[in-house]
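K.L.:
After the structure tokens below, expect a handful of questions from me.
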Amino acid sequence: MKRIILKAGEERRILAGHPWVYDNEVALVLDGRGRDASLEPGETADVESAGKTYLGRALANPHSKIIARIYSPSKEGIDRGFFKRRIRQALERRRGHDLALRSARLVFAEADFLPGLIIDRFAGWPFGKAEPLAAEAPLTFERALEALGPPESWIAIQFLAFGMDSRREDVIAALEEVAARELGGPPSGIIEKSGAPVRILEGLPKREGVMKGSFPPEGAVIFENGLPFLVMIEDGQKTGHFLDQKENRNLAATLMPENARVLDAFSYTGGFAVHALRSGARSACLVDLSAPALETARRNARLNGVEARIETVRADVFSFLRDLPRSRDALFDGIVLDPPAFAKSRAAMGDALKGYKEINLQALKRLRPGGILITCSCSQAVGEQTFKAVVADAALDAGRRLTELAFRYQAEDHPILVGYDESRYLKCLCFRAL
Ligand code: SAH
């Protein structure tokens, strides 16, 4: 086993819980006999401080700036048995989420001690089977269960690090085995959705496609907070559905004023809008650039019996907000802003902050006095304090006073690993604006 010896002092961040070793922190790499060596992409290596303190075993990738990702604090091998143990531990961490019947992120990469591995599991029924039930009466999970039997499950998986990508067979075999035993059966389909640009930094091409089984052609209907949602697992963005906003969608809906006219900006498939409408909002306007996302949003509105109360607009949110009439009766009672990550890296920070400020400023100008602003940022590089400062700055320019009603991170099935701030990425701020 090769050894990666760090420069003096570089172990502190790792001892505090951060699992990455950057290439400029490495003093030398030694082979099993103590001679100078170089690392091969995907191999395992032991990481030690300059003072020879053992820090853990890592997946190496000399082509990445993140030259090693620690996956274990001990000298543990990384085989099928390892993946079974780790996946079982991840399920244990999500106990109480009723995983056999509910959709959830099962594995959240480094935060579940599986670097570069994301696994989302969708539990539900094919749209073709579930949709007819919605025509008769409001579609509930219990009715679907009674009429259609136990839900099927489908997995969307992302391999985002070289050493994980090269162990894909063991990962899949372990996942199938654990799911069969602990989640009520193996998945009906597994699809790879490794389209993320971070793959390029690892020297990996984008890779997407069905790995196992099959997917319902018209999508799957899952239940979130008791409401039916169509997920286009194959064609949707990222893994198909943004599970990370599950709890925030519920919260946002309860904060909306009675009979609210809601704007769901960057709506994707309408998660926030549908939640708001189901808890008493009068109408919702959904804005997104993606036509397929809005098509799914309309189906979601139909599944929830609220199709008469939505309007979908295919537009760029920046120009949409700027072009809205400023008359008093055109103001919204509640606005949700849930844009994609504007800051993909620290280098893109300046423009990202300008973007966040602009949409928050324009939204505040279109919010009635006493209205609710739900504003999110999923850029990891934009910290909580920075994001709050940007919104405060927008409020200053808009001449509005804000009361902070709630501040939330991502859903509980996306755990936050202390010492590894990359896992604390989603910020959701809820305000009343006077
Ligand atoms: N709120 C959604 C998730 C939003 S993801 C939910 O609850 O599920 C971000 C969305 O923004 C994507 O659907 C993407 O198509 C859309 N998008 C990205 N840039 C945009 C822009 N400039 N204007 C409008 N929509 C945009």
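Residue numbering restarts at 1 in every chain; chains get A, B, ... in the order shown in the structure tokens, and ligands count up from 1 in that same order.
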Could you list, as a ChimeraX atom specification, all protein and nucleic acid residues with an atom at most 7 Å from ligand 1, counting only C-alpha atoms and all ligand atoms?
P.N.:
/A:241-242,245,265-272,287-290,293,315-318,338-340
K.L.:
Could you turn the residues from that selection into a file that holds N, CA, C and O atoms, as a PDB file, in the first residue's frame?
P.N.:
ATOM      1  N   HIS A 241     -35.438  14.569  -9.470  1.00  0.00           N
ATOM      2  CA  HIS A 241     -36.266  15.345  -8.539  1.00  0.00           C
ATOM      3  C   HIS A 241     -35.348  15.884  -7.452  1.00  0.00           C
ATOM      4  O   HIS A 241     -34.470  15.167  -6.979  1.00  0.00           O
ATOM      5  N   PHE A 242     -35.581  17.153  -7.055  1.00  0.00           N
ATOM      6  CA  PHE A 242     -34.713  17.754  -6.046  1.00  0.00           C
ATOM      7  C   PHE A 242     -35.223  17.393  -4.655  1.00  0.00           C
ATOM      8  O   PHE A 242     -35.980  18.138  -4.035  1.00  0.00           O
ATOM      9  N   GLN A 245     -35.102  19.743  -1.251  1.00  0.00           N
ATOM     10  CA  GLN A 245     -36.013  20.820  -0.835  1.00  0.00           C
ATOM     11  C   GLN A 245     -37.282  20.289  -0.184  1.00  0.00           C
ATOM     12  O   GLN A 245     -38.204  21.065   0.098  1.00  0.00           O
ATOM     13  N   ALA A 265     -40.521  30.959  -8.832  1.00  0.00           N
ATOM     14  CA  ALA A 265     -39.498  31.281  -9.834  1.00  0.00           C
ATOM     15  C   ALA A 265     -38.397  30.226  -9.788  1.00  0.00           C
ATOM     16  O   ALA A 265     -37.942  29.866  -8.712  1.00  0.00           O
ATOM     17  N   PHE A 266     -37.944  29.769 -10.941  1.00  0.00           N
ATOM     18  CA  PHE A 266     -37.064  28.605 -11.090  1.00  0.00           C
ATOM     19  C   PHE A 266     -37.836  27.387 -10.550  1.00  0.00           C
ATOM     20  O   PHE A 266     -37.383  26.685  -9.645  1.00  0.00           O
ATOM     21  N   SER A 267     -38.999  27.175 -11.109  1.00  0.00           N
ATOM     22  CA  SER A 267     -39.960  26.226 -10.522  1.00  0.00           C
ATOM     23  C   SER A 267     -39.585  24.773 -10.751  1.00  0.00           C
ATOM     24  O   SER A 267     -40.043  23.905 -10.026  1.00  0.00           O
ATOM     25  N   TYR A 268     -38.787  24.490 -11.819  1.00  0.00           N
ATOM     26  CA  TYR A 268     -38.581  23.110 -12.251  1.00  0.00           C
ATOM     27  C   TYR A 268     -39.949  22.436 -12.371  1.00  0.00           C
ATOM     28  O   TYR A 268     -40.809  22.952 -13.080  1.00  0.00           O
ATOM     29  N   THR A 269     -40.235  21.355 -11.655  1.00  0.00           N
ATOM     30  CA  THR A 269     -41.510  20.661 -11.869  1.00  0.00           C
ATOM     31  C   THR A 269     -42.596  21.116 -10.886  1.00  0.00           C
ATOM     32  O   THR A 269     -43.588  20.421 -10.683  1.00  0.00           O
ATOM     33  N   GLY A 270     -42.381  22.275 -10.265  1.00  0.00           N
ATOM     34  CA  GLY A 270     -43.460  22.904  -9.496  1.00  0.00           C
ATOM     35  C   GLY A 270     -43.604  22.452  -8.054  1.00  0.00           C
ATOM     36  O   GLY A 270     -44.666  22.632  -7.455  1.00  0.00           O
ATOM     37  N   GLY A 271     -42.549  21.906  -7.496  1.00  0.00           N
ATOM     38  CA  GLY A 271     -42.615  21.411  -6.107  1.00  0.00           C
ATOM     39  C   GLY A 271     -43.128  22.448  -5.113  1.00  0.00           C
ATOM     40  O   GLY A 271     -44.049  22.177  -4.342  1.00  0.00           O
ATOM     41  N   PHE A 272     -42.574  23.641  -5.150  1.00  0.00           N
ATOM     42  CA  PHE A 272     -42.997  24.679  -4.193  1.00  0.00           C
ATOM     43  C   PHE A 272     -44.439  25.124  -4.483  1.00  0.00           C
ATOM     44  O   PHE A 272     -45.243  25.274  -3.573  1.00  0.00           O
ATOM     45  N   VAL A 287     -42.345  29.877 -13.233  1.00  0.00           N
ATOM     46  CA  VAL A 287     -41.447  30.352 -14.284  1.00  0.00           C
ATOM     47  C   VAL A 287     -40.200  29.486 -14.317  1.00  0.00           C
ATOM     48  O   VAL A 287     -39.544  29.269 -13.286  1.00  0.00           O
ATOM     49  N   ASP A 288     -39.882  28.980 -15.504  1.00  0.00           N
ATOM     50  CA  ASP A 288     -38.662  28.184 -15.685  1.00  0.00           C
ATOM     51  C   ASP A 288     -38.264  28.260 -17.149  1.00  0.00           C
ATOM     52  O   ASP A 288     -39.092  28.494 -18.023  1.00  0.00           O
ATOM     53  N   LEU A 289     -36.991  28.048 -17.412  1.00  0.00           N
ATOM     54  CA  LEU A 289     -36.492  28.057 -18.791  1.00  0.00           C
ATOM     55  C   LEU A 289     -36.779  26.748 -19.504  1.00  0.00           C
ATOM     56  O   LEU A 289     -36.761  26.680 -20.727  1.00  0.00           O
ATOM     57  N   SER A 290     -36.995  25.692 -18.735  1.00  0.00           N
ATOM     58  CA  SER A 290     -37.099  24.359 -19.328  1.00  0.00           C
ATOM     59  C   SER A 290     -38.542  23.981 -19.659  1.00  0.00           C
ATOM     60  O   SER A 290     -39.389  23.852 -18.764  1.00  0.00           O
ATOM     61  N   ALA A 293     -39.613  20.620 -18.060  1.00  0.00           N
ATOM     62  CA  ALA A 293     -39.872  20.762 -16.618  1.00  0.00           C
ATOM     63  C   ALA A 293     -41.273  21.324 -16.397  1.00  0.00           C
ATOM     64  O   ALA A 293     -42.021  20.862 -15.532  1.00  0.00           O
ATOM     65  N   ALA A 315     -39.647  31.199 -19.379  1.00  0.00           N
ATOM     66  CA  ALA A 315     -38.907  32.458 -19.501  1.00  0.00           C
ATOM     67  C   ALA A 315     -37.679  32.446 -18.610  1.00  0.00           C
ATOM     68  O   ALA A 315     -37.561  31.619 -17.696  1.00  0.00           O
ATOM     69  N   ASP A 316     -36.785  33.376 -18.898  1.00  0.00           N
ATOM     70  CA  ASP A 316     -35.644  33.630 -18.033  1.00  0.00           C
ATOM     71  C   ASP A 316     -36.161  34.452 -16.849  1.00  0.00           C
ATOM     72  O   ASP A 316     -36.770  35.511 -17.049  1.00  0.00           O
ATOM     73  N   VAL A 317     -35.932  33.982 -15.651  1.00  0.00           N
ATOM     74  CA  VAL A 317     -36.485  34.651 -14.464  1.00  0.00           C
ATOM     75  C   VAL A 317     -36.006  36.103 -14.368  1.00  0.00           C
ATOM     76  O   VAL A 317     -36.770  36.995 -13.997  1.00  0.00           O
ATOM     77  N   PHE A 318     -34.742  36.346 -14.728  1.00  0.00           N
ATOM     78  CA  PHE A 318     -34.209  37.717 -14.638  1.00  0.00           C
ATOM     79  C   PHE A 318     -35.055  38.672 -15.470  1.00  0.00           C
ATOM     80  O   PHE A 318     -35.502  39.712 -14.978  1.00  0.00           O
ATOM     81  N   ASP A 338     -35.678  29.824  -6.260  1.00  0.00           N
ATOM     82  CA  ASP A 338     -34.857  28.621  -6.050  1.00  0.00           C
ATOM     83  C   ASP A 338     -33.990  28.355  -7.275  1.00  0.00           C
ATOM     84  O   ASP A 338     -34.184  27.369  -7.993  1.00  0.00           O
ATOM     85  N   PRO A 339     -33.046  29.265  -7.524  1.00  0.00           N
ATOM     86  CA  PRO A 339     -32.252  29.166  -8.757  1.00  0.00           C
ATOM     87  C   PRO A 339     -31.235  28.027  -8.710  1.00  0.00           C
ATOM     88  O   PRO A 339     -30.943  27.505  -7.633  1.00  0.00           O
ATOM     89  N   PRO A 340     -30.675  27.655  -9.881  1.00  0.00           N
ATOM     90  CA  PRO A 340     -29.558  26.711  -9.877  1.00  0.00           C
ATOM     91  C   PRO A 340     -28.351  27.371  -9.215  1.00  0.00           C
ATOM     92  O   PRO A 340     -28.376  28.579  -8.973  1.00  0.00           O
TER      93      PRO A 340
END
K.L.:
Hey, what's within 9 Å of Lys344 in chain A if we count only C-alpha atoms and toss same-chain stuff fewer than 5 positions away? As a PyMOL selection string, please?
P.N.:
chain A and resi 349+352+379-381
K.L.:
Excluding Phe229 in chain A and residues on its chain fewer than 2 positions from it, collect all residues at most 8 Å away from it, counting only C-alpha atoms, and give them as a VMD selection string.
P.N.:
chain A and resid 221 to 224 227 231 271 300 303
K.L.:
Save the residues we just selected, N, CA and C atoms, as a PDB file, in the first residue's frame?
P.N.:
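Final file, part-v3.pdb:
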ATOM      1  N   VAL A 221     -44.670   8.152 -10.277  1.00  0.00           N
ATOM      2  CA  VAL A 221     -45.347   9.029  -9.319  1.00  0.00           C
ATOM      3  C   VAL A 221     -44.880   8.661  -7.913  1.00  0.00           C
ATOM      4  N   ILE A 222     -44.250   9.619  -7.263  1.00  0.00           N
ATOM      5  CA  ILE A 222     -43.809   9.422  -5.878  1.00  0.00           C
ATOM      6  C   ILE A 222     -44.673  10.303  -4.984  1.00  0.00           C
ATOM      7  N   PHE A 223     -44.558  10.119  -3.690  1.00  0.00           N
ATOM      8  CA  PHE A 223     -45.293  10.986  -2.747  1.00  0.00           C
ATOM      9  C   PHE A 223     -44.295  11.723  -1.880  1.00  0.00           C
ATOM     10  N   GLU A 224     -44.498  13.037  -1.788  1.00  0.00           N
ATOM     11  CA  GLU A 224     -43.615  13.855  -0.957  1.00  0.00           C
ATOM     12  C   GLU A 224     -44.497  14.663  -0.013  1.00  0.00           C
ATOM     13  N   LEU A 227     -48.052  14.379  -0.879  1.00  0.00           N
ATOM     14  CA  LEU A 227     -48.577  14.842  -2.165  1.00  0.00           C
ATOM     15  C   LEU A 227     -47.925  14.084  -3.316  1.00  0.00           C
ATOM     16  N   VAL A 231     -42.030  12.138 -11.344  1.00  0.00           N
ATOM     17  CA  VAL A 231     -40.580  12.297 -11.506  1.00  0.00           C
ATOM     18  C   VAL A 231     -40.159  11.631 -12.809  1.00  0.00           C
ATOM     19  N   GLY A 271     -42.549  21.906  -7.496  1.00  0.00           N
ATOM     20  CA  GLY A 271     -42.615  21.411  -6.107  1.00  0.00           C
ATOM     21  C   GLY A 271     -43.128  22.448  -5.113  1.00  0.00           C
ATOM     22  N   ASN A 300     -48.072  17.565 -12.630  1.00  0.00           N
ATOM     23  CA  ASN A 300     -48.109  17.544 -11.171  1.00  0.00           C
ATOM     24  C   ASN A 300     -49.316  18.301 -10.634  1.00  0.00           C
ATOM     25  N   LEU A 303     -52.250  16.005 -11.154  1.00  0.00           N
ATOM     26  CA  LEU A 303     -52.254  14.921 -10.152  1.00  0.00           C
ATOM     27  C   LEU A 303     -52.768  15.408  -8.805  1.00  0.00           C
TER      28      LEU A 303
END
K.L.:
Using 10 Å as the limit and counting only C-alpha atoms, can you tabulate each residue of range 295-356 of chain A that touches range 420-429 of chain A, with its shortest atom-to-atom distance in Å and the two atoms involved, as JSON lines?
P.N.:
{"residue": "A:Val336", "atom": "CA", "partner": "A:Cys428", "partner_atom": "CA", "distance": 9.9}
{"residue": "A:Leu337", "atom": "CA", "partner": "A:Cys428", "partner_atom": "CA", "distance": 9.3}
{"residue": "A:Asp338", "atom": "CA", "partner": "A:Cys428", "partner_atom": "CA", "distance": 8.6}
{"residue": "A:Ala341", "atom": "CA", "partner": "A:Leu426", "partner_atom": "CA", "distance": 9.4}
K.L.:
Tell me, as a CSV table (one decimal) with N, CA and C atoms, in the first residue's frame, which residues lie within 6 Å of Arg282 in chain A, counting only C-alpha atoms; anything in the same chain fewer than 3 positions away does not count.
P.N.:
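Produced file result_29.csv, reproduced below:
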chain,number,residue,atom,x,y,z
A,259,ASN,N,-54.9,32.3,0.9
A,259,ASN,CA,-55.4,32.7,-0.5
A,259,ASN,C,-54.3,33.4,-1.3
A,260,ALA,N,-53.1,33.1,-1.0
A,260,ALA,CA,-52.0,33.8,-1.7
A,260,ALA,C,-51.9,33.6,-3.2
A,261,ARG,N,-51.5,34.7,-3.8
A,261,ARG,CA,-51.0,34.6,-5.2
A,261,ARG,C,-49.5,34.4,-5.2
K.L.:
So which one's closest to Thr140 in chain A, A:Gly305, A:Gly219, A:Pro205, A:Gly280? Using only C-alpha atoms, please.
P.N.:
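That would be A:Gly305, the residue with the smallest distance to Thr140 in chain A.
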K.L.:
Which one is closest to His63 in chain A: A:Leu133, A:Ile200, A:Arg168, A:Ala90? Count only C-alpha atoms.
P.N.:
A:Ile200
K.L.:
Would you mind writing down, as JSON, numbers by chain, each residue of range 185-341 of chain A that DSSP on the backbone assigns to strand (DSSP E or B)?
P.N.:
{"A": [189, 190, 191, 192, 193, 194, 207, 208, 209, 210, 211, 212, 213, 220, 221, 222, 223, 224, 227, 228, 229, 230, 231, 261, 262, 263, 264, 265, 283, 284, 285, 286, 287, 288, 310, 311, 312, 313, 314, 332, 333, 334, 335, 336, 337]}
K.L.:
Take the residues from that selection and write them out as a PDB file, in the first residue's frame, keeping C-alpha atoms.
P.N.:
ATOM      1  CA  GLY A 189     -34.293   0.009 -12.498  1.00  0.00           C
ATOM      2  CA  ILE A 190     -30.938   1.676 -11.883  1.00  0.00           C
ATOM      3  CA  ILE A 191     -29.887   4.619 -14.013  1.00  0.00           C
ATOM      4  CA  GLU A 192     -26.566   6.392 -14.058  1.00  0.00           C
ATOM      5  CA  LYS A 193     -26.835  10.165 -14.026  1.00  0.00           C
ATOM      6  CA  SER A 194     -23.181  11.139 -13.859  1.00  0.00           C
ATOM      7  CA  ARG A 207     -21.892   9.236 -18.411  1.00  0.00           C
ATOM      8  CA  GLU A 208     -25.622   8.659 -18.349  1.00  0.00           C
ATOM      9  CA  GLY A 209     -27.869   5.725 -19.118  1.00  0.00           C
ATOM     10  CA  VAL A 210     -29.775   2.777 -17.771  1.00  0.00           C
ATOM     11  CA  MET A 211     -27.504   0.312 -15.972  1.00  0.00           C
ATOM     12  CA  LYS A 212     -30.099  -2.227 -14.833  1.00  0.00           C
ATOM     13  CA  GLY A 213     -33.768  -3.017 -15.364  1.00  0.00           C
ATOM     14  CA  ALA A 220     -42.912   7.553 -11.815  1.00  0.00           C
ATOM     15  CA  VAL A 221     -45.347   9.029  -9.319  1.00  0.00           C
ATOM     16  CA  ILE A 222     -43.809   9.422  -5.878  1.00  0.00           C
ATOM     17  CA  PHE A 223     -45.293  10.986  -2.747  1.00  0.00           C
ATOM     18  CA  GLU A 224     -43.615  13.855  -0.957  1.00  0.00           C
ATOM     19  CA  LEU A 227     -48.577  14.842  -2.165  1.00  0.00           C
ATOM     20  CA  PRO A 228     -48.149  13.036  -5.483  1.00  0.00           C
ATOM     21  CA  PHE A 229     -45.332  14.168  -7.789  1.00  0.00           C
ATOM     22  CA  LEU A 230     -44.314  12.909 -11.184  1.00  0.00           C
ATOM     23  CA  VAL A 231     -40.580  12.297 -11.506  1.00  0.00           C
ATOM     24  CA  ARG A 261     -51.035  34.594  -5.242  1.00  0.00           C
ATOM     25  CA  VAL A 262     -47.675  32.853  -5.446  1.00  0.00           C
ATOM     26  CA  LEU A 263     -44.756  33.200  -7.834  1.00  0.00           C
ATOM     27  CA  ASP A 264     -42.626  30.037  -8.062  1.00  0.00           C
ATOM     28  CA  ALA A 265     -39.498  31.281  -9.834  1.00  0.00           C
ATOM     29  CA  SER A 283     -53.004  30.656  -7.598  1.00  0.00           C
ATOM     30  CA  ALA A 284     -49.417  30.106  -8.654  1.00  0.00           C
ATOM     31  CA  CYS A 285     -47.337  31.349 -11.529  1.00  0.00           C
ATOM     32  CA  LEU A 286     -44.444  29.016 -12.380  1.00  0.00           C
ATOM     33  CA  VAL A 287     -41.447  30.352 -14.284  1.00  0.00           C
ATOM     34  CA  ASP A 288     -38.662  28.184 -15.685  1.00  0.00           C
ATOM     35  CA  ILE A 310     -51.548  27.425 -12.132  1.00  0.00           C
ATOM     36  CA  GLU A 311     -50.000  29.331 -14.964  1.00  0.00           C
ATOM     37  CA  THR A 312     -46.694  28.216 -16.456  1.00  0.00           C
ATOM     38  CA  VAL A 313     -44.352  30.667 -18.133  1.00  0.00           C
ATOM     39  CA  ARG A 314     -41.300  29.575 -20.054  1.00  0.00           C
ATOM     40  CA  PHE A 332     -47.545  38.742  -5.431  1.00  0.00           C
ATOM     41  CA  ASP A 333     -48.377  37.629  -1.897  1.00  0.00           C
ATOM     42  CA  GLY A 334     -45.558  35.104  -1.849  1.00  0.00           C
ATOM     43  CA  ILE A 335     -42.470  34.557  -3.985  1.00  0.00           C
ATOM     44  CA  VAL A 336     -40.136  31.550  -4.081  1.00  0.00           C
ATOM     45  CA  LEU A 337     -36.671  31.937  -5.609  1.00  0.00           C
TER      46      LEU A 337
END
K.L.:
Which of these residues is nearest to His18 in chain A, using only C-alpha atoms: A:Asp323, A:Leu417, A:Pro138, A:Ala58?
P.N.:
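Using only C-alpha atoms, His18 in chain A sits closest to A:Leu417.
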K.L.:
Identify all residues of range 261-351 of chain A in helix (DSSP H, G or I) (DSSP on the backbone) and supply them as a PyMOL selection string.
P.N.:
chain A and resi 271-278+291-303+307-309+317-323+328-330+346-351
K.L.:
Do a neighbour search on Pro132 in chain A at 12 Å with only C-alpha atoms, toss out local chain neighbours closer than 4 positions, and write the hits as a list in words.
P.N.:
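The contact residues come out as Trp125, Pro126, Phe127, Gly128, Glu136, Ala137, Pro138, Leu139, Arg143, Ala144, Ala147, Leu148, Val221, Arg302 and Leu303 of chain A.
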K.L.:
What lies within 8 Å of Val391 in chain A using only C-alpha atoms, ignoring chain neighbours under 5 positions off, as a PyMOL selection string?
P.N.:
chain A and resi 356-357+360-361
K.L.:
Output the selection as a PDB file, in the first residue's frame - C-alpha atoms for each residue.
P.N.:
ATOM      1  CA  TYR A 356     -28.479  36.580  -6.281  1.00  0.00           C
ATOM      2  CA  LYS A 357     -28.813  40.247  -5.431  1.00  0.00           C
ATOM      3  CA  ASN A 360     -33.902  39.158  -4.722  1.00  0.00           C
ATOM      4  CA  LEU A 361     -34.121  42.874  -5.447  1.00  0.00           C
TER       5      LEU A 361
END
K.L.:
What is the CA of Glu76 in chain A to CA of Ala111 in chain A distance in Å?
P.N.:
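Computing the Euclidean distance for CA of Glu76 in chain A and CA of Ala111 in chain A yields 17.9 Å.
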K.L.:
Pick the closest to Gly383 in chain A from A:Val107, A:Val306, A:Ala343, A:Leu6: which is it, counting only C-alpha atoms?
P.N.:
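With only C-alpha atoms as the atom set, the closest residue is A:Ala343.
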K.L.:
If I take CA of Thr375 in chain A and CA of Cys430 in chain A, how far is one from the other in Å, to one decimal?
P.N.:
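Taking CA of Thr375 in chain A and CA of Cys430 in chain A, their separation equals 6.5 Å.
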